Amino acid sequence: MEYSLAAVILAAGAVALTALRGGLGVRALWLGLAIFAVLTVVADSTLVRAGVFGFGDHLSGIRIVAAPVEDLLYGSALYLVANVAYRWRRHA
């Protein structure tokens, strides 16, 4: 469960950072995040089902198709932070 807790904390931090930088109202951010999430679930599920990699017992057990929700949380947090960093740098 440590991995799950870390994923939730990281995702919450990324959302908070996005909110602080005024990004929550940007429609393109949410559209991009939705596309990113779909691609992540498809890729992770394909790789897990093909046996390329698996996940240990340190997960919550919640899956979207075959992808663990923690992997989606980490990826989404990375997407949000990268978006904030890009917008921050562009407006600096």
# chains A, B, ... in the order shown; residues from 1 in each chain; ligands from 1
$ residues_around --residues "Ala34 (chain A)" --least-positions-apart "4" --cutoff "12 Å" --atoms "only C-alpha atoms" --output "MDAnalysis selection string"
chainID A and resid 27:30 38:41 72 75:76 79:80
$ write_last_selection --atoms "all heavy atoms" --output "CSV table (one decimal), in the first residue's frame"
chain,number,residue,atom,x,y,z
A,27,ARG,N,-9.0,24.5,-20.5
A,27,ARG,CA,-9.7,23.3,-21.2
A,27,ARG,C,-8.7,22.4,-21.9
A,27,ARG,O,-8.8,21.2,-21.8
A,27,ARG,CB,-10.7,23.9,-22.1
A,27,ARG,CG,-11.5,22.8,-22.8
A,27,ARG,CD,-12.6,23.4,-23.7
A,27,ARG,NE,-13.0,22.4,-24.6
A,27,ARG,CZ,-14.2,22.4,-25.2
A,27,ARG,NH1,-14.9,23.5,-25.1
A,27,ARG,NH2,-14.5,21.4,-26.0
A,28,ALA,N,-7.7,23.0,-22.5
A,28,ALA,CA,-6.7,22.1,-23.3
A,28,ALA,C,-6.0,21.2,-22.3
A,28,ALA,O,-5.6,20.1,-22.7
A,28,ALA,CB,-5.8,23.0,-24.0
A,29,LEU,N,-5.7,21.7,-21.1
A,29,LEU,CA,-5.0,20.8,-20.1
A,29,LEU,C,-5.9,19.6,-19.8
A,29,LEU,O,-5.3,18.5,-19.8
A,29,LEU,CB,-4.8,21.6,-18.8
A,29,LEU,CG,-4.3,20.8,-17.7
A,29,LEU,CD1,-2.8,21.0,-17.6
A,29,LEU,CD2,-5.0,21.1,-16.4
A,30,TRP,N,-7.2,19.7,-19.6
A,30,TRP,CA,-8.0,18.6,-19.3
A,30,TRP,C,-8.2,17.7,-20.5
A,30,TRP,O,-8.3,16.4,-20.4
A,30,TRP,CB,-9.4,19.1,-18.8
A,30,TRP,CG,-9.2,19.8,-17.5
A,30,TRP,CD1,-9.3,21.1,-17.2
A,30,TRP,CD2,-8.8,19.2,-16.2
A,30,TRP,NE1,-9.0,21.4,-15.9
A,30,TRP,CE2,-8.7,20.2,-15.3
A,30,TRP,CE3,-8.5,17.9,-15.9
A,30,TRP,CZ2,-8.3,20.0,-14.0
A,30,TRP,CZ3,-8.1,17.6,-14.5
A,30,TRP,CH2,-8.0,18.7,-13.6
A,38,VAL,N,-6.1,7.8,-21.5
A,38,VAL,CA,-6.5,6.7,-22.4
A,38,VAL,C,-5.3,6.0,-22.9
A,38,VAL,O,-5.3,4.8,-22.9
A,38,VAL,CB,-7.5,7.3,-23.5
A,38,VAL,CG1,-7.7,6.2,-24.5
A,38,VAL,CG2,-8.8,7.7,-22.9
A,39,LEU,N,-4.4,6.8,-23.5
A,39,LEU,CA,-3.2,6.1,-24.0
A,39,LEU,C,-2.4,5.3,-23.0
A,39,LEU,O,-1.9,4.3,-23.3
A,39,LEU,CB,-2.3,7.2,-24.7
A,39,LEU,CG,-2.9,7.8,-25.9
A,39,LEU,CD1,-2.0,9.0,-26.4
A,39,LEU,CD2,-3.1,6.8,-27.0
A,40,THR,N,-2.3,5.8,-21.8
A,40,THR,CA,-1.6,5.1,-20.7
A,40,THR,C,-2.3,3.8,-20.4
A,40,THR,O,-1.7,2.8,-20.2
A,40,THR,CB,-1.6,6.0,-19.4
A,40,THR,OG1,-0.8,7.2,-19.7
A,40,THR,CG2,-0.9,5.3,-18.3
A,41,VAL,N,-3.7,3.9,-20.2
A,41,VAL,CA,-4.4,2.6,-19.9
A,41,VAL,C,-4.2,1.6,-21.0
A,41,VAL,O,-4.0,0.4,-20.8
A,41,VAL,CB,-5.9,3.0,-19.7
A,41,VAL,CG1,-6.7,1.7,-19.6
A,41,VAL,CG2,-6.0,3.7,-18.4
A,72,LEU,N,-1.6,5.0,-13.4
A,72,LEU,CA,-2.3,6.1,-14.0
A,72,LEU,C,-2.1,7.4,-13.2
A,72,LEU,O,-2.0,8.5,-13.8
A,72,LEU,CB,-3.8,5.8,-14.2
A,72,LEU,CG,-4.6,6.8,-14.9
A,72,LEU,CD1,-4.1,7.0,-16.3
A,72,LEU,CD2,-6.1,6.3,-14.9
A,75,GLY,N,1.5,8.8,-13.8
A,75,GLY,CA,1.6,9.4,-15.1
A,75,GLY,C,0.8,10.7,-15.2
A,75,GLY,O,1.3,11.6,-15.8
A,76,SER,N,-0.4,10.7,-14.6
A,76,SER,CA,-1.2,11.9,-14.7
A,76,SER,C,-0.5,13.1,-13.9
A,76,SER,O,-0.5,14.2,-14.3
A,76,SER,CB,-2.6,11.7,-14.1
A,76,SER,OG,-3.3,10.7,-14.9
A,79,TYR,N,2.2,14.4,-16.1
A,79,TYR,CA,1.6,15.2,-17.1
A,79,TYR,C,1.3,16.6,-16.6
A,79,TYR,O,1.6,17.6,-17.2
A,79,TYR,CB,0.4,14.6,-17.7
A,79,TYR,CG,-0.4,15.4,-18.7
A,79,TYR,CD1,0.0,15.4,-20.0
A,79,TYR,CD2,-1.4,16.3,-18.3
A,79,TYR,CE1,-0.7,16.2,-21.0
A,79,TYR,CE2,-2.0,17.1,-19.2
A,79,TYR,CZ,-1.7,17.1,-20.5
A,79,TYR,OH,-2.3,17.9,-21.4
A,80,LEU,N,0.6,16.7,-15.4
A,80,LEU,CA,0.3,18.0,-14.9
A,80,LEU,C,1.5,18.8,-14.5
A,80,LEU,O,1.5,20.0,-14.9
A,80,LEU,CB,-0.6,17.8,-13.6
A,80,LEU,CG,-2.0,17.2,-13.9
A,80,LEU,CD1,-2.7,16.9,-12.5
A,80,LEU,CD2,-2.8,18.2,-14.7
$ residues_around --residues "region 84-92 of chain A" --least-positions-apart "3" --cutoff "12 Å" --atoms "only C-alpha atoms" --output "short mmCIF file (atom, residue, chain, number, x, y, z; two decimals) with N, CA and C atoms, in the first residue's frame"
data_model
loop_
_atom_site.label_atom_id
_atom_site.label_comp_id
_atom_site.auth_asym_id
_atom_site.auth_seq_id
_atom_site.Cartn_x
_atom_site.Cartn_y
_atom_site.Cartn_z
N ALA A 14 0.36 17.40 -7.46
CA ALA A 14 0.36 17.90 -8.84
C ALA A 14 -0.88 18.73 -9.13
N VAL A 15 -2.03 18.27 -8.62
CA VAL A 15 -3.27 19.04 -8.80
C VAL A 15 -3.17 20.37 -8.05
N ALA A 16 -2.62 20.35 -6.84
CA ALA A 16 -2.45 21.58 -6.07
C ALA A 16 -1.53 22.56 -6.78
N LEU A 17 -0.42 22.07 -7.31
CA LEU A 17 0.50 22.92 -8.05
C LEU A 17 -0.17 23.51 -9.28
N THR A 18 -0.94 22.69 -9.97
CA THR A 18 -1.67 23.17 -11.15
C THR A 18 -2.67 24.25 -10.75
N ALA A 19 -3.34 24.06 -9.62
CA ALA A 19 -4.29 25.06 -9.14
C ALA A 19 -3.58 26.36 -8.77
N LEU A 20 -2.45 26.25 -8.11
CA LEU A 20 -1.69 27.45 -7.71
C LEU A 20 -1.23 28.26 -8.91
N ARG A 21 -0.94 27.57 -10.00
CA ARG A 21 -0.47 28.25 -11.21
C ARG A 21 -1.62 28.62 -12.15
N GLY A 22 -2.86 28.40 -11.70
CA GLY A 22 -4.02 28.81 -12.48
C GLY A 22 -4.34 27.92 -13.66
N GLY A 23 -3.93 26.69 -13.61
CA GLY A 23 -4.13 25.80 -14.75
C GLY A 23 -5.40 24.99 -14.74
N LEU A 24 -6.12 24.98 -13.62
CA LEU A 24 -7.31 24.12 -13.54
C LEU A 24 -8.43 24.56 -14.48
N VAL A 26 -7.97 25.63 -17.57
CA VAL A 26 -7.52 25.54 -18.95
C VAL A 26 -8.10 24.28 -19.59
N LEU A 29 -5.73 21.65 -21.09
CA LEU A 29 -5.05 20.82 -20.10
C LEU A 29 -5.87 19.56 -19.83
N ALA A 77 0.11 12.74 -12.79
CA ALA A 77 0.84 13.74 -12.01
C ALA A 77 2.01 14.29 -12.84
N LEU A 78 2.72 13.42 -13.52
CA LEU A 78 3.82 13.84 -14.37
C LEU A 78 3.32 14.76 -15.48
N TYR A 79 2.20 14.40 -16.09
CA TYR A 79 1.62 15.22 -17.15
C TYR A 79 1.28 16.62 -16.61
N LEU A 80 0.64 16.68 -15.45
CA LEU A 80 0.25 17.98 -14.88
C LEU A 80 1.46 18.83 -14.54
N VAL A 81 2.46 18.24 -13.92
CA VAL A 81 3.66 19.00 -13.54
C VAL A 81 4.41 19.48 -14.79
#
$ residues_around --residues "region 43-48 of chain A" --least-positions-apart "3" --cutoff "10 Å" --atoms "only C-alpha atoms" --output "number ranges by chain"
A: 37-40, 51-55, 63-68, 71-72
$ write_last_selection --atoms "all heavy atoms" --output "short mmCIF file (atom, residue, chain, number, x, y, z; two decimals), in the first residue's frame"
data_model
loop_
_atom_site.label_atom_id
_atom_site.label_comp_id
_atom_site.auth_asym_id
_atom_site.auth_seq_id
_atom_site.Cartn_x
_atom_site.Cartn_y
_atom_site.Cartn_z
N ALA A 37 -4.43 9.86 -20.42
CA ALA A 37 -4.93 8.77 -19.57
C ALA A 37 -5.38 7.58 -20.42
O ALA A 37 -5.06 6.43 -20.09
CB ALA A 37 -6.07 9.27 -18.70
N VAL A 38 -6.09 7.84 -21.49
CA VAL A 38 -6.55 6.74 -22.36
C VAL A 38 -5.34 6.00 -22.95
O VAL A 38 -5.29 4.77 -22.94
CB VAL A 38 -7.48 7.27 -23.47
CG1 VAL A 38 -7.71 6.22 -24.55
CG2 VAL A 38 -8.80 7.75 -22.89
N LEU A 39 -4.37 6.76 -23.45
CA LEU A 39 -3.19 6.12 -24.02
C LEU A 39 -2.40 5.33 -22.98
O LEU A 39 -1.87 4.25 -23.27
CB LEU A 39 -2.29 7.17 -24.68
CG LEU A 39 -2.86 7.84 -25.93
CD1 LEU A 39 -1.97 8.98 -26.39
CD2 LEU A 39 -3.05 6.82 -27.03
N THR A 40 -2.33 5.84 -21.76
CA THR A 40 -1.63 5.14 -20.68
C THR A 40 -2.33 3.83 -20.36
O THR A 40 -1.67 2.79 -20.21
CB THR A 40 -1.55 6.03 -19.42
OG1 THR A 40 -0.79 7.19 -19.73
CG2 THR A 40 -0.91 5.29 -18.26
N GLY A 51 2.53 -9.90 -20.96
CA GLY A 51 3.52 -10.46 -20.06
C GLY A 51 4.86 -9.74 -20.09
O GLY A 51 5.85 -10.26 -19.59
N VAL A 52 4.90 -8.55 -20.68
CA VAL A 52 6.15 -7.79 -20.75
C VAL A 52 6.57 -7.37 -19.34
O VAL A 52 7.73 -7.40 -18.99
CB VAL A 52 6.01 -6.57 -21.68
CG1 VAL A 52 7.24 -5.70 -21.64
CG2 VAL A 52 5.70 -7.02 -23.10
N PHE A 53 5.60 -6.96 -18.54
CA PHE A 53 5.89 -6.65 -17.14
C PHE A 53 4.65 -6.89 -16.31
O PHE A 53 3.54 -6.99 -16.82
CB PHE A 53 6.44 -5.23 -16.94
CG PHE A 53 5.47 -4.13 -17.29
CD1 PHE A 53 4.55 -3.67 -16.38
CD2 PHE A 53 5.51 -3.53 -18.53
CE1 PHE A 53 3.67 -2.65 -16.70
CE2 PHE A 53 4.65 -2.50 -18.88
CZ PHE A 53 3.72 -2.06 -17.95
N GLY A 54 4.86 -6.99 -15.02
CA GLY A 54 3.77 -7.18 -14.07
C GLY A 54 4.03 -6.31 -12.86
O GLY A 54 5.06 -5.64 -12.77
N PHE A 55 3.11 -6.32 -11.96
CA PHE A 55 3.24 -5.51 -10.75
C PHE A 55 3.16 -6.44 -9.55
O PHE A 55 2.42 -7.40 -9.53
CB PHE A 55 2.13 -4.46 -10.70
CG PHE A 55 2.22 -3.46 -11.82
CD1 PHE A 55 1.53 -3.65 -13.00
CD2 PHE A 55 3.00 -2.33 -11.69
CE1 PHE A 55 1.61 -2.74 -14.04
CE2 PHE A 55 3.10 -1.41 -12.72
CZ PHE A 55 2.40 -1.63 -13.89
N ARG A 63 -7.77 -1.73 -10.69
CA ARG A 63 -7.25 -1.70 -12.05
C ARG A 63 -8.27 -1.07 -12.99
O ARG A 63 -9.46 -1.19 -12.79
CB ARG A 63 -6.89 -3.10 -12.54
CG ARG A 63 -5.74 -3.70 -11.77
CD ARG A 63 -5.32 -5.04 -12.35
NE ARG A 63 -4.24 -5.62 -11.59
CZ ARG A 63 -2.95 -5.42 -11.86
NH1 ARG A 63 -2.59 -4.68 -12.86
NH2 ARG A 63 -2.02 -5.99 -11.13
N ILE A 64 -7.75 -0.42 -14.00
CA ILE A 64 -8.57 0.08 -15.09
C ILE A 64 -8.13 -0.77 -16.28
O ILE A 64 -7.00 -0.64 -16.74
CB ILE A 64 -8.35 1.58 -15.34
CG1 ILE A 64 -8.68 2.35 -14.07
CG2 ILE A 64 -9.18 2.06 -16.51
CD1 ILE A 64 -8.32 3.81 -14.10
N VAL A 65 -9.00 -1.63 -16.74
CA VAL A 65 -8.70 -2.70 -17.67
C VAL A 65 -7.63 -3.55 -16.98
O VAL A 65 -7.95 -4.14 -15.95
CB VAL A 65 -8.30 -2.19 -19.08
CG1 VAL A 65 -8.15 -3.33 -20.06
CG2 VAL A 65 -9.31 -1.18 -19.61
N ALA A 66 -6.40 -3.61 -17.45
CA ALA A 66 -5.36 -4.37 -16.77
C ALA A 66 -4.31 -3.46 -16.13
O ALA A 66 -3.37 -3.93 -15.51
CB ALA A 66 -4.69 -5.34 -17.74
N ALA A 67 -4.48 -2.14 -16.28
CA ALA A 67 -3.50 -1.18 -15.76
C ALA A 67 -3.83 -0.82 -14.31
O ALA A 67 -4.97 -0.48 -14.00
CB ALA A 67 -3.51 0.08 -16.62
N PRO A 68 -2.85 -0.88 -13.42
CA PRO A 68 -3.11 -0.48 -12.04
C PRO A 68 -3.35 1.03 -11.94
O PRO A 68 -2.72 1.82 -12.65
CB PRO A 68 -1.83 -0.88 -11.30
CG PRO A 68 -0.80 -1.01 -12.34
CD PRO A 68 -1.48 -1.33 -13.62
N ASP A 71 -0.38 3.46 -11.48
CA ASP A 71 0.40 3.84 -12.65
C ASP A 71 -0.26 5.02 -13.36
O ASP A 71 0.43 5.92 -13.84
CB ASP A 71 0.54 2.64 -13.58
CG ASP A 71 1.82 2.66 -14.38
OD1 ASP A 71 2.82 3.21 -13.88
OD2 ASP A 71 1.82 2.13 -15.50
N LEU A 72 -1.56 5.01 -13.42
CA LEU A 72 -2.29 6.12 -14.03
C LEU A 72 -2.13 7.40 -13.20
O LEU A 72 -1.96 8.49 -13.75
CB LEU A 72 -3.76 5.77 -14.19
CG LEU A 72 -4.63 6.79 -14.91
CD1 LEU A 72 -4.11 7.04 -16.32
CD2 LEU A 72 -6.07 6.33 -14.94
#
$ select_by_dssp --residues "region 16-91 of chain A" --states "strand (DSSP E)" --output "count of residues only"
4
$ atom_distance --atom1 "CA of Asp57 (chain A)" --atom2 "CA of Leu10 (chain A)"
19.9 Å
$ residues_around --residues "Met1 (chain A)" --least-positions-apart "4" --cutoff "12 Å" --atoms "only C-alpha atoms" --output "list in words"
Leu5, Ala6, Ala7, Val8, Gly56, Asp57, His58, Leu59, Ser60, Gly61, Ile62 and Glu70 of chain A
$ write_last_selection --atoms "all heavy atoms" --output "JSON list (two decimals), in the first residue's frame"
[["chain", "number", "residue", "atom", "x", "y", "z"],
["A", 5, "LEU", "N", -0.27, 4.89, -1.63],
["A", 5, "LEU", "CA", -0.30, 6.13, -0.87],
["A", 5, "LEU", "C", 0.60, 7.18, -1.51],
["A", 5, "LEU", "O", 0.21, 8.35, -1.65],
["A", 5, "LEU", "CB", 0.14, 5.88, 0.58],
["A", 5, "LEU", "CG", 0.14, 7.10, 1.50],
["A", 5, "LEU", "CD1", -1.26, 7.70, 1.60],
["A", 5, "LEU", "CD2", 0.65, 6.71, 2.88],
["A", 6, "ALA", "N", 1.77, 6.77, -1.94],
["A", 6, "ALA", "CA", 2.69, 7.70, -2.61],
["A", 6, "ALA", "C", 2.07, 8.24, -3.90],
["A", 6, "ALA", "O", 2.19, 9.44, -4.20],
["A", 6, "ALA", "CB", 4.02, 7.02, -2.90],
["A", 7, "ALA", "N", 1.38, 7.39, -4.64],
["A", 7, "ALA", "CA", 0.75, 7.82, -5.89],
["A", 7, "ALA", "C", -0.35, 8.84, -5.63],
["A", 7, "ALA", "O", -0.46, 9.85, -6.34],
["A", 7, "ALA", "CB", 0.18, 6.61, -6.64],
["A", 8, "VAL", "N", -1.14, 8.62, -4.60],
["A", 8, "VAL", "CA", -2.22, 9.55, -4.26],
["A", 8, "VAL", "C", -1.65, 10.90, -3.80],
["A", 8, "VAL", "O", -2.11, 11.96, -4.22],
["A", 8, "VAL", "CB", -3.15, 8.95, -3.18],
["A", 8, "VAL", "CG1", -4.10, 9.99, -2.62],
["A", 8, "VAL", "CG2", -3.93, 7.77, -3.75],
["A", 56, "GLY", "N", 3.94, -6.10, -8.53],
["A", 56, "GLY", "CA", 3.97, -6.92, -7.33],
["A", 56, "GLY", "C", 2.74, -6.75, -6.47],
["A", 56, "GLY", "O", 1.69, -6.28, -6.92],
["A", 57, "ASP", "N", 2.88, -7.13, -5.22],
["A", 57, "ASP", "CA", 1.76, -7.07, -4.27],
["A", 57, "ASP", "C", 1.67, -5.73, -3.55],
["A", 57, "ASP", "O", 0.94, -5.61, -2.58],
["A", 57, "ASP", "CB", 1.93, -8.18, -3.22],
["A", 57, "ASP", "CG", 1.88, -9.55, -3.85],
["A", 57, "ASP", "OD1", 1.20, -9.69, -4.89],
["A", 57, "ASP", "OD2", 2.50, -10.48, -3.30],
["A", 58, "HIS", "N", 2.38, -4.73, -4.02],
["A", 58, "HIS", "CA", 2.42, -3.45, -3.32],
["A", 58, "HIS", "C", 1.39, -2.46, -3.84],
["A", 58, "HIS", "O", 1.50, -1.27, -3.60],
["A", 58, "HIS", "CB", 3.82, -2.83, -3.44],
["A", 58, "HIS", "CG", 4.89, -3.73, -2.95],
["A", 58, "HIS", "ND1", 5.05, -4.03, -1.62],
["A", 58, "HIS", "CD2", 5.83, -4.45, -3.60],
["A", 58, "HIS", "CE1", 6.05, -4.87, -1.47],
["A", 58, "HIS", "NE2", 6.54, -5.13, -2.67],
["A", 59, "LEU", "N", 0.39, -2.94, -4.57],
["A", 59, "LEU", "CA", -0.61, -2.07, -5.17],
["A", 59, "LEU", "C", -1.95, -2.25, -4.47],
["A", 59, "LEU", "O", -2.17, -3.21, -3.74],
["A", 59, "LEU", "CB", -0.77, -2.39, -6.66],
["A", 59, "LEU", "CG", 0.51, -2.30, -7.49],
["A", 59, "LEU", "CD1", 0.24, -2.77, -8.91],
["A", 59, "LEU", "CD2", 1.03, -0.88, -7.51],
["A", 60, "SER", "N", -2.86, -1.33, -4.74],
["A", 60, "SER", "CA", -4.18, -1.38, -4.12],
["A", 60, "SER", "C", -5.04, -2.50, -4.69],
["A", 60, "SER", "O", -6.00, -2.92, -4.06],
["A", 60, "SER", "CB", -4.89, -0.05, -4.33],
["A", 60, "SER", "OG", -5.17, 0.16, -5.70],
["A", 61, "GLY", "N", -4.73, -2.94, -5.90],
["A", 61, "GLY", "CA", -5.55, -3.96, -6.55],
["A", 61, "GLY", "C", -6.60, -3.36, -7.46],
["A", 61, "GLY", "O", -7.28, -4.07, -8.19],
["A", 62, "ILE", "N", -6.75, -2.04, -7.45],
["A", 62, "ILE", "CA", -7.70, -1.37, -8.32],
["A", 62, "ILE", "C", -7.05, -1.25, -9.69],
["A", 62, "ILE", "O", -5.95, -0.73, -9.83],
["A", 62, "ILE", "CB", -8.08, 0.02, -7.77],
["A", 62, "ILE", "CG1", -8.68, -0.09, -6.39],
["A", 62, "ILE", "CG2", -9.03, 0.73, -8.74],
["A", 62, "ILE", "CD1", -8.85, 1.25, -5.68],
["A", 70, "GLU", "N", -2.53, 3.07, -9.75],
["A", 70, "GLU", "CA", -1.36, 3.81, -9.29],
["A", 70, "GLU", "C", -0.51, 4.29, -10.46],
["A", 70, "GLU", "O", 0.03, 5.40, -10.45],
["A", 70, "GLU", "CB", -0.50, 2.94, -8.36],
["A", 70, "GLU", "CG", -1.13, 2.64, -7.04],
["A", 70, "GLU", "CD", -2.04, 1.41, -7.05],
["A", 70, "GLU", "OE1", -2.27, 0.84, -8.13],
["A", 70, "GLU", "OE2", -2.51, 1.03, -5.97]]
$ atom_distance --atom1 "CA of Arg49 (chain A)" --atom2 "CA of Leu33 (chain A)"
23.8 Å
$ select_by_dssp --residues "chain A" --states "helix (DSSP H, G or I)" --output "ChimeraX atom specification"
/A:2-20,27-49,69-91
